[in-house]
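**Q** This is work-v5.txt (compact mmCIF, C-alpha atoms).
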# COMPACT_ATOMS: atom_id res chain seq x y z
CA MET N 200 -10.62 11.79 -13.17
CA PRO N 201 -6.82 12.03 -12.99
CA ALA N 202 -4.71 10.33 -15.65
CA VAL N 203 -3.33 7.65 -13.34
CA THR N 204 -6.88 6.72 -12.30
CA ARG N 205 -7.98 6.42 -15.93
CA TRP N 206 -5.00 4.21 -16.67
CA ALA N 207 -5.58 2.09 -13.57
CA VAL N 208 -9.29 1.57 -14.19
CA ARG N 209 -8.86 0.74 -17.87
CA THR N 210 -6.00 -1.62 -17.11
CA ALA N 211 -8.10 -3.24 -14.38
CA LEU N 212 -10.84 -3.86 -16.93
CA VAL N 213 -8.31 -5.55 -19.20
CA TYR N 214 -7.26 -7.80 -16.33
CA LEU N 215 -10.89 -8.63 -15.57
CA VAL N 216 -11.42 -9.94 -19.06
CA ALA N 217 -8.03 -11.63 -19.17
CA ALA N 218 -8.51 -13.32 -15.80
CA LEU N 219 -11.94 -14.67 -16.61
CA GLY N 220 -10.72 -15.79 -20.02
CA LEU N 221 -7.79 -17.54 -18.41
CA GLY N 222 -10.23 -19.05 -15.98
CA VAL N 223 -12.01 -20.74 -18.86
CA VAL N 224 -8.70 -22.24 -19.98
CA ALA N 225 -7.75 -23.24 -16.44
CA ALA N 226 -11.09 -24.94 -15.92
CA ALA N 227 -10.67 -26.90 -19.13
CA ALA N 228 -7.10 -27.90 -18.28
CA PRO N 229 -6.71 -28.28 -14.52
CA ALA N 230 -3.15 -29.59 -14.85
CA SER N 231 -2.03 -26.46 -16.67
CA GLY N 232 -0.88 -24.73 -13.48
CA LEU N 233 -2.85 -21.62 -14.41
CA GLY N 234 -4.94 -21.55 -11.23
CA PRO N 235 -2.81 -19.25 -9.05
CA THR N 236 -2.10 -16.94 -11.98
CA THR N 237 -5.80 -16.64 -12.77
CA VAL N 238 -6.72 -15.87 -9.18
CA HIS N 239 -4.06 -13.19 -8.87
CA LEU N 240 -4.91 -11.53 -12.15
CA LEU N 241 -8.45 -11.25 -10.85
CA VAL N 242 -7.82 -10.25 -7.24
CA VAL N 243 -4.75 -8.08 -7.78
CA GLY N 244 -4.98 -7.01 -11.41
CA TRP N 245 -8.70 -6.26 -11.42
CA LEU N 246 -9.90 -5.71 -7.87
CA THR N 247 -6.91 -4.20 -6.10
CA GLN N 248 -5.86 -2.09 -9.06
CA LEU N 249 -9.40 -0.72 -9.39
CA ILE N 250 -9.28 0.19 -5.70
CA PHE N 251 -5.88 1.83 -6.11
CA GLY N 252 -7.12 3.96 -9.00
CA VAL N 253 -10.37 5.06 -7.41
CA ALA N 254 -8.76 5.70 -4.01
CA PHE N 255 -6.17 7.94 -5.60
CA TRP N 256 -9.03 9.91 -7.16
CA MET N 257 -11.51 9.99 -4.29
CA PHE N 258 -9.65 10.11 -0.99
CA PRO N 259 -9.09 13.49 0.67
CA LYS N 260 -6.26 15.34 -0.99
CA ARG N 261 -2.92 16.01 0.62
CA GLU N 262 -1.46 19.48 0.92
CA PRO N 263 -0.99 21.11 -2.51
CA SER N 264 2.77 21.18 -1.95
CA ASN N 265 2.71 17.39 -1.91
CA ALA N 266 0.81 17.02 -5.17
CA ARG N 267 3.90 16.06 -7.14
CA LEU N 268 4.85 13.39 -4.59
CA ARG N 269 1.32 12.00 -4.78
CA GLU N 270 1.51 11.73 -8.54
CA ARG N 271 4.89 10.00 -8.41
CA LEU N 272 3.74 7.51 -5.78
CA ALA N 273 0.57 6.76 -7.73
CA TRP N 274 2.40 6.20 -10.99
CA ALA N 275 5.03 4.13 -9.20
CA ALA N 276 2.31 1.95 -7.70
CA TYR N 277 0.66 1.58 -11.12
CA GLY N 278 3.87 0.75 -12.95
CA LEU N 279 5.24 -1.65 -10.34
CA LEU N 280 1.95 -3.48 -9.87
CA ASN N 281 1.52 -4.11 -13.57
CA ALA N 282 5.16 -4.97 -14.19
CA GLY N 283 4.92 -7.52 -11.40
CA LEU N 284 1.64 -8.97 -12.64
CA VAL N 285 2.72 -9.27 -16.26
CA LEU N 286 5.92 -11.00 -15.17
CA ARG N 287 3.94 -13.31 -12.94
CA ALA N 288 1.46 -14.20 -15.66
CA ALA N 289 4.26 -14.92 -18.12
CA VAL N 290 6.59 -16.82 -15.84
CA GLU N 291 4.61 -18.57 -13.09
CA PRO N 292 3.02 -21.28 -15.27
CA LEU N 293 6.43 -22.05 -16.77
CA VAL N 294 8.16 -22.26 -13.39
CA ALA N 295 5.34 -24.52 -12.19
CA ARG N 296 6.22 -26.85 -15.06
CA GLY N 297 9.87 -26.98 -14.05
CA TYR N 298 11.55 -24.12 -15.93
CA GLU N 299 13.64 -23.22 -12.88
CA PRO N 300 16.04 -20.77 -14.62
CA LEU N 301 13.08 -18.40 -14.85
CA GLY N 302 12.80 -18.38 -11.06
CA PRO N 303 14.58 -15.01 -10.54
CA LEU N 304 11.93 -13.37 -12.72
CA LEU N 305 9.28 -14.61 -10.31
CA VAL N 306 11.27 -13.13 -7.44
CA ALA N 307 11.41 -9.83 -9.34
CA SER N 308 7.64 -10.03 -9.84
CA ALA N 309 7.14 -10.50 -6.12
CA LEU N 310 9.32 -7.51 -5.31
CA CYS N 311 7.55 -5.28 -7.83
CA GLN N 312 4.12 -6.09 -6.47
CA TRP N 313 5.24 -5.58 -2.88
CA LEU N 314 6.78 -2.20 -3.71
CA ALA N 315 3.54 -1.24 -5.47
CA ALA N 316 1.59 -1.89 -2.27
CA VAL N 317 4.12 0.10 -0.25
CA ALA N 318 3.87 3.04 -2.68
CA PHE N 319 0.08 2.97 -2.53
CA VAL N 320 0.04 2.91 1.28
CA ALA N 321 2.66 5.67 1.41
CA ASP N 322 0.35 7.90 -0.64
CA THR N 323 -2.94 6.87 0.94
CA TRP N 324 -2.15 6.71 4.66
CA PRO N 325 -1.73 10.48 5.16
CA ARG N 326 -4.90 11.06 3.16
CA VAL N 327 -7.04 9.08 5.59
CA ARG N 328 -8.12 12.01 7.69
CA GLY N 329 -11.06 14.00 8.85
CA ARG N 330 -11.85 17.50 7.69
CA GLY N 331 -9.25 20.20 8.27
CA MET T 3 -13.99 11.22 6.59
CA PRO T 4 -15.64 10.10 9.87
CA ARG T 5 -13.54 8.54 12.60
CA LEU T 6 -14.93 5.04 12.17
CA SER T 7 -14.07 5.13 8.46
CA ARG T 8 -10.56 6.38 9.18
CA ILE T 9 -10.01 3.48 11.58
CA ALA T 10 -11.43 0.93 9.12
CA VAL T 11 -9.42 2.21 6.17
CA ARG T 12 -6.16 2.34 8.14
CA VAL T 13 -6.64 -1.18 9.47
CA ALA T 14 -7.46 -2.30 5.92
CA LEU T 15 -4.19 -0.74 4.72
CA VAL T 16 -2.30 -2.66 7.42
CA HIS T 17 -3.94 -5.87 6.21
CA LEU T 18 -2.95 -4.95 2.65
CA VAL T 19 0.71 -4.64 3.61
CA LEU T 20 0.64 -7.85 5.66
CA GLY T 21 -1.07 -9.79 2.90
CA PHE T 22 1.20 -8.47 0.16
CA THR T 23 4.31 -9.09 2.24
CA VAL T 24 3.47 -12.72 2.88
CA GLY T 25 2.28 -13.14 -0.70
CA ALA T 26 5.47 -11.67 -2.11
CA LEU T 27 7.60 -13.95 0.07
CA LEU T 28 5.62 -17.01 -1.02
CA LEU T 29 5.88 -16.02 -4.68
CA ALA T 30 9.60 -15.43 -4.26
CA ALA T 31 9.87 -18.88 -2.68
CA LYS T 32 8.27 -20.35 -5.81
CA GLY T 33 11.01 -18.60 -7.75
CA GLY T 34 13.71 -20.25 -5.66
CA ALA T 35 14.40 -17.51 -3.11
CA PRO T 36 15.62 -18.84 0.27
CA VAL T 37 12.40 -18.28 2.17
CA PRO T 38 11.78 -20.38 5.30
CA GLY T 39 9.41 -23.21 4.50
CA VAL T 40 7.38 -22.50 7.63
CA LEU T 41 6.10 -19.38 5.89
CA TRP T 42 3.79 -21.56 3.80
CA ARG T 43 1.70 -21.97 6.94
CA LEU T 44 0.70 -18.33 6.43
CA ARG T 45 -0.80 -18.96 2.98
CA ALA T 46 -4.36 -19.13 4.28
CA ALA T 47 -3.71 -16.08 6.46
CA HIS T 48 -2.44 -14.25 3.34
CA VAL T 49 -5.75 -14.96 1.63
CA GLU T 50 -7.76 -13.94 4.70
CA TRP T 51 -5.88 -10.67 5.19
CA LEU T 52 -6.35 -9.65 1.59
CA VAL T 53 -9.85 -10.89 0.80
CA VAL T 54 -11.52 -10.01 4.11
CA GLY T 55 -9.08 -7.77 5.98
CA TRP T 56 -8.32 -5.54 3.00
CA THR T 57 -11.20 -5.57 0.52
CA VAL T 58 -14.18 -6.21 2.78
CA GLU T 59 -12.98 -3.90 5.53
CA LEU T 60 -12.09 -1.14 3.08
CA ALA T 61 -15.52 -1.47 1.48
CA MET T 62 -17.21 -1.21 4.87
CA GLY T 63 -15.13 1.79 5.85
CA VAL T 64 -15.79 3.65 2.62
CA ALA T 65 -19.47 2.68 2.60
CA PHE T 66 -19.89 4.05 6.12
CA TRP T 67 -18.39 7.31 4.86
CA ILE T 68 -20.07 7.58 1.48
CA LEU T 69 -23.59 6.15 1.79
CA PRO T 70 -26.35 8.77 1.89
CA ARG T 71 -26.75 10.51 5.21
CA PHE T 72 -29.99 11.44 6.90
CA ARG T 73 -31.20 14.99 7.19
CA VAL T 74 -31.49 14.92 10.97
CA PRO T 75 -28.88 13.65 13.43
CA PRO T 76 -27.56 11.12 13.83
CA LEU T 77 -26.65 11.76 10.21
CA ARG T 78 -25.35 8.25 9.60
CA GLY T 79 -28.09 6.57 11.62
CA ASP T 80 -27.31 4.16 14.43
CA GLU T 81 -23.54 3.74 14.32
CA ARG T 82 -23.41 0.96 16.89
CA PRO T 83 -23.99 -1.89 14.42
CA ALA T 84 -21.26 -0.44 12.20
CA ARG T 85 -18.81 -0.32 15.11
CA LEU T 86 -19.78 -3.86 16.09
CA ALA T 87 -19.31 -4.98 12.49
CA LEU T 88 -15.76 -3.66 12.30
CA ALA T 89 -14.85 -5.14 15.66
CA LEU T 90 -16.25 -8.55 14.74
CA LEU T 91 -14.63 -8.44 11.31
CA ASN T 92 -11.17 -7.88 12.71
CA VAL T 93 -11.60 -10.46 15.45
CA GLY T 94 -12.77 -12.89 12.79
CA VAL T 95 -9.90 -12.19 10.40
CA TRP T 96 -7.30 -12.79 13.10
CA LEU T 97 -9.00 -15.88 14.48
CA VAL T 98 -9.02 -17.41 11.02
CA ALA T 99 -5.44 -16.31 10.33
CA ALA T 100 -4.18 -17.61 13.67
CA GLY T 101 -6.22 -20.77 13.48
CA THR T 102 -4.93 -21.74 10.06
CA ALA T 103 -1.34 -20.62 10.65
CA LEU T 104 -1.00 -22.38 13.98
CA GLY T 105 -2.71 -25.53 12.83
CA ALA T 106 -5.08 -25.03 15.73
CA PRO T 107 -8.25 -27.10 16.09
CA VAL T 108 -10.76 -26.33 13.36
CA GLY T 109 -12.91 -24.61 15.96
CA LEU T 110 -10.70 -21.52 16.05
CA ALA T 111 -11.08 -20.78 12.36
CA GLN T 112 -14.77 -21.64 12.60
CA MET T 113 -15.20 -19.08 15.34
CA GLY T 114 -13.47 -16.58 13.11
CA ARG T 115 -15.89 -17.28 10.30
CA ILE T 116 -18.85 -16.93 12.64
CA ALA T 117 -17.49 -13.57 13.79
CA GLU T 118 -17.14 -12.48 10.16
CA LEU T 119 -20.71 -13.58 9.47
CA GLY T 120 -21.82 -11.51 12.46
CA ALA T 121 -19.90 -8.58 11.06
CA ALA T 122 -21.68 -8.86 7.73
CA ALA T 123 -25.09 -9.00 9.38
CA ALA T 124 -24.32 -6.08 11.67
CA PHE T 125 -23.07 -3.94 8.81
CA ALA T 126 -26.15 -4.78 6.75
CA VAL T 127 -28.32 -3.66 9.65
CA HIS T 128 -26.48 -0.35 9.74
CA ALA T 129 -26.29 0.24 5.99
CA TRP T 130 -29.72 -0.95 4.79
CA PRO T 131 -31.67 2.17 5.76
CA ARG T 132 -29.03 4.38 4.13
CA VAL T 133 -29.54 2.77 0.73
CA ARG T 134 -32.23 5.08 -0.57
CA PRO T 135 -32.92 7.61 -3.30
CA PRO T 136 -32.18 11.31 -2.73
CA GLY T 137 -34.74 13.00 -0.53
CA ALA T 138 -36.15 9.84 0.99
CA GLY T 139 -35.53 8.70 4.56
CA ARG T 140 -35.84 10.32 7.96
CA GLN T 141 -37.55 13.67 7.72
CA ALA T 142 -36.82 16.70 9.88
CA ALA T 143 -38.47 16.56 13.29
CA GLY T 144 -42.14 17.71 13.23
CA SER T 145 -42.66 17.37 9.45
Produce structure tokens that represent the structure in this file.

**A**
Amino acid sequence: MPAVTRWAVRTALVYLVAALGLGVVAAAAPASGLGPTTVHLLVVGWLTQLIFGVAFWMFPKREPSNARLRERLAWAAYGLLNAGLVLRAAVEPLVARGYEPLGPLLVASALCQWLAAVAFVADTWPRVRGRG
Amino acid sequence: MPRLSRIAVRVALVHLVLGFTVGALLLAAKGGAPVPGVLWRLRAAHVEWLVVGWTVELAMGVAFWILPRFRVPPLRGDERPARLALALLNVGVWLVAAGTALGAPVGLAQMGRIAELGAAAAFAVHAWPRVRPPGAGRQAAGS
């Protein structure tokens, strides 16, 4: 299992626990504004990140000459996805409560997560192929 | 990777990009970015593209590829239900997305859900016989 996959899967497990834990808090305090954050930690942090990690490991490999590019795209996707999610988790509940000066950080979070998806697709698309 | 899986995975990747793009714009809007308010009409479509169009379709595509094959052709069993499943799934995703985004009568999204239900049933019909221990299943002809 490549290093980026190990990191992605372990991080996804952390998000699974964190999201379900946050879900307990959100259920107890519906006005907390934690709902969207909880959902995204679960669907993006756990589920999508797990898929990213396993797909990087399991999908047909690209040409050996592209191995370095693959690694860079995979690590970029990992780093950007998690930077975006951590920012979101930290900032979104506060912005929801009116802390508007933190808004640009939420925009940065959005950009990071979007770039992560682009990096993942850039690596994966050419690997979706038949034999030979 | 078989052709049907390649199609499913690529379409799932398209749904991933669509869903993340709309999601990023909506999140940026929450942060004060000047995003057109009309984009909020795509919120339900964002959910549909990612939950069904990305994760469910990817799972179906990979399952079609990875599930145990039979020893005699057709190696993946009857592929027609799997093809039907993917067609219905994508029709369903886009009916739901269009129905919710356009504020169309509830019937459009309902039809989309029915199509998705049909997709699930069709895929189960295809996949069920392939869920088996090693060595079990269709034997070679004559044995």

**Q** Residues within 7 Å of Gly21 of chain T, please, as a VMD selection string. Count only C-alpha atoms; anything in the same chain fewer than 3 positions from it doesn't count.

**A** chain T and resid 17 to 18 24 to 25 48 51 to 52

**Q** Hey, can you spit out that residue selection with C-alpha atoms as a compact mmCIF listing (two decimals), in the coordinates of the input?

**A**
# COMPACT_ATOMS: atom_id res chain seq x y z
CA HIS T 17 -3.94 -5.87 6.21
CA LEU T 18 -2.95 -4.95 2.65
CA VAL T 24 3.47 -12.72 2.88
CA GLY T 25 2.28 -13.14 -0.70
CA HIS T 48 -2.44 -14.25 3.34
CA TRP T 51 -5.88 -10.67 5.19
CA LEU T 52 -6.35 -9.65 1.59

**Q** Hey, what's within 9 Å of segment 282-290 of chain N if we count only C-alpha atoms and toss same-chain stuff fewer than 4 positions away? As a PyMOL selection string, please?

**A** (chain N and resi 233+236-237+239-240+243-244+277-278+294-295+298+301-302+304-305+307-313+315) or (chain T and resi 29)

**Q** Let me make sure I understand: among T:Leu97, T:Ala26, T:Trp42, T:Ile68, which one has the smallest atom-to-atom distance to Ala316 of chain N if we use only C-alpha atoms?

**A**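 Comparing T:Leu97, T:Ala26, T:Trp42, T:Ile68 against Ala316 of chain N, the winner is T:Ala26.
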
**Q** Under the rule that all atoms listed in the file are counted, which of T:Ala84, T:Met62, T:Leu41, T:Leu20 is the nearest residue to chain N?

**A** T:Leu20

**Q** Should the cut-off be 9 Å, what would the residue list for chain T against chain N look like, counting all atoms listed in the file, as an NGL selection string?

**A** :T and (3-5 or 7-9 or 11-12 or 15-16 or 18-19 or 22-23 or 25-35 or 52-53 or 57)

**Q** Quick one: of T:Val54, T:Val98, T:Ala61, T:Ala121, who's nearest to Pro83 of chain T, counting all atoms listed in the file?

**A**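 Under the stated criterion, the closest residue is T:Ala121.
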
**Q** At what distance in Å, to one decimal, does atom CA of Gly63 of chain T lie from atom CA of Trp96 of chain T?

**A**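 Interatomic distance, atom CA of Trp96 of chain T to atom CA of Gly63 of chain T: 18.1 Å.
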
**Q** State, in Å with one decimal place, the distance from atom CA of Phe255 of chain N to atom CA of Ala10 of chain T.

**A** 17.1 Å

**Q** Which protein, DNA or RNA residues have an atom at most 9 Å from (-14.6, -10.6, 11.0), counting all atoms listed in the file? List them as a list in words.

**A**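 The distance filter leaves exactly Val54, Gly55, Glu59, Ala87, Leu88, Ala89, Leu90, Leu91, Asn92, Val93, Gly94, Val95, Trp96, Leu97, Val98, Gly114, Arg115, Ile116, Ala117, Glu118, Leu119, Gly120, Ala121 and Ala122 of chain T.
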
**Q** Write out as a list of chain:residue names which residues come within 10 Å of Gly234 of chain N when counting all atoms listed in the file, dropping same-chain ones fewer than 2 positions away.

**A** N:Leu221, N:Gly222, N:Val224, N:Ala225, N:Ala226, N:Ala228, N:Pro229, N:Ala230, N:Ser231, N:Gly232, N:Thr236, N:Thr237, N:Val238, N:His239, N:Pro292

**Q** Between T:Val40, T:Ala126, T:Ala103, T:Val133, which has the minimum distance to Leu69 of chain T (counting all atoms listed in the file)?

**A**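 Comparing T:Val40, T:Ala126, T:Ala103, T:Val133 against Leu69 of chain T, the winner is T:Val133.
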
**Q** Mind pulling up the distance from atom CA of Pro70 of chain T to atom CA of Thr210 of chain N?

**A**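 Atom CA of Thr210 of chain N sits 29.7 Å away from atom CA of Pro70 of chain T.
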
**Q** Excluding Ala318 of chain N and residues on its chain fewer than 6 positions from it, collect all residues at most 7 Å away from it, counting all atoms listed in the file, and give them as number ranges by chain.

**A** N: 272, 275-276

**Q** The selected residues should be written to file as a CSV table (one decimal), keeping the file's coordinate frame (atoms: C-alpha atoms).

**A**
chain,number,residue,atom,x,y,z
N,272,LEU,CA,3.7,7.5,-5.8
N,275,ALA,CA,5.0,4.1,-9.2
N,276,ALA,CA,2.3,2.0,-7.7
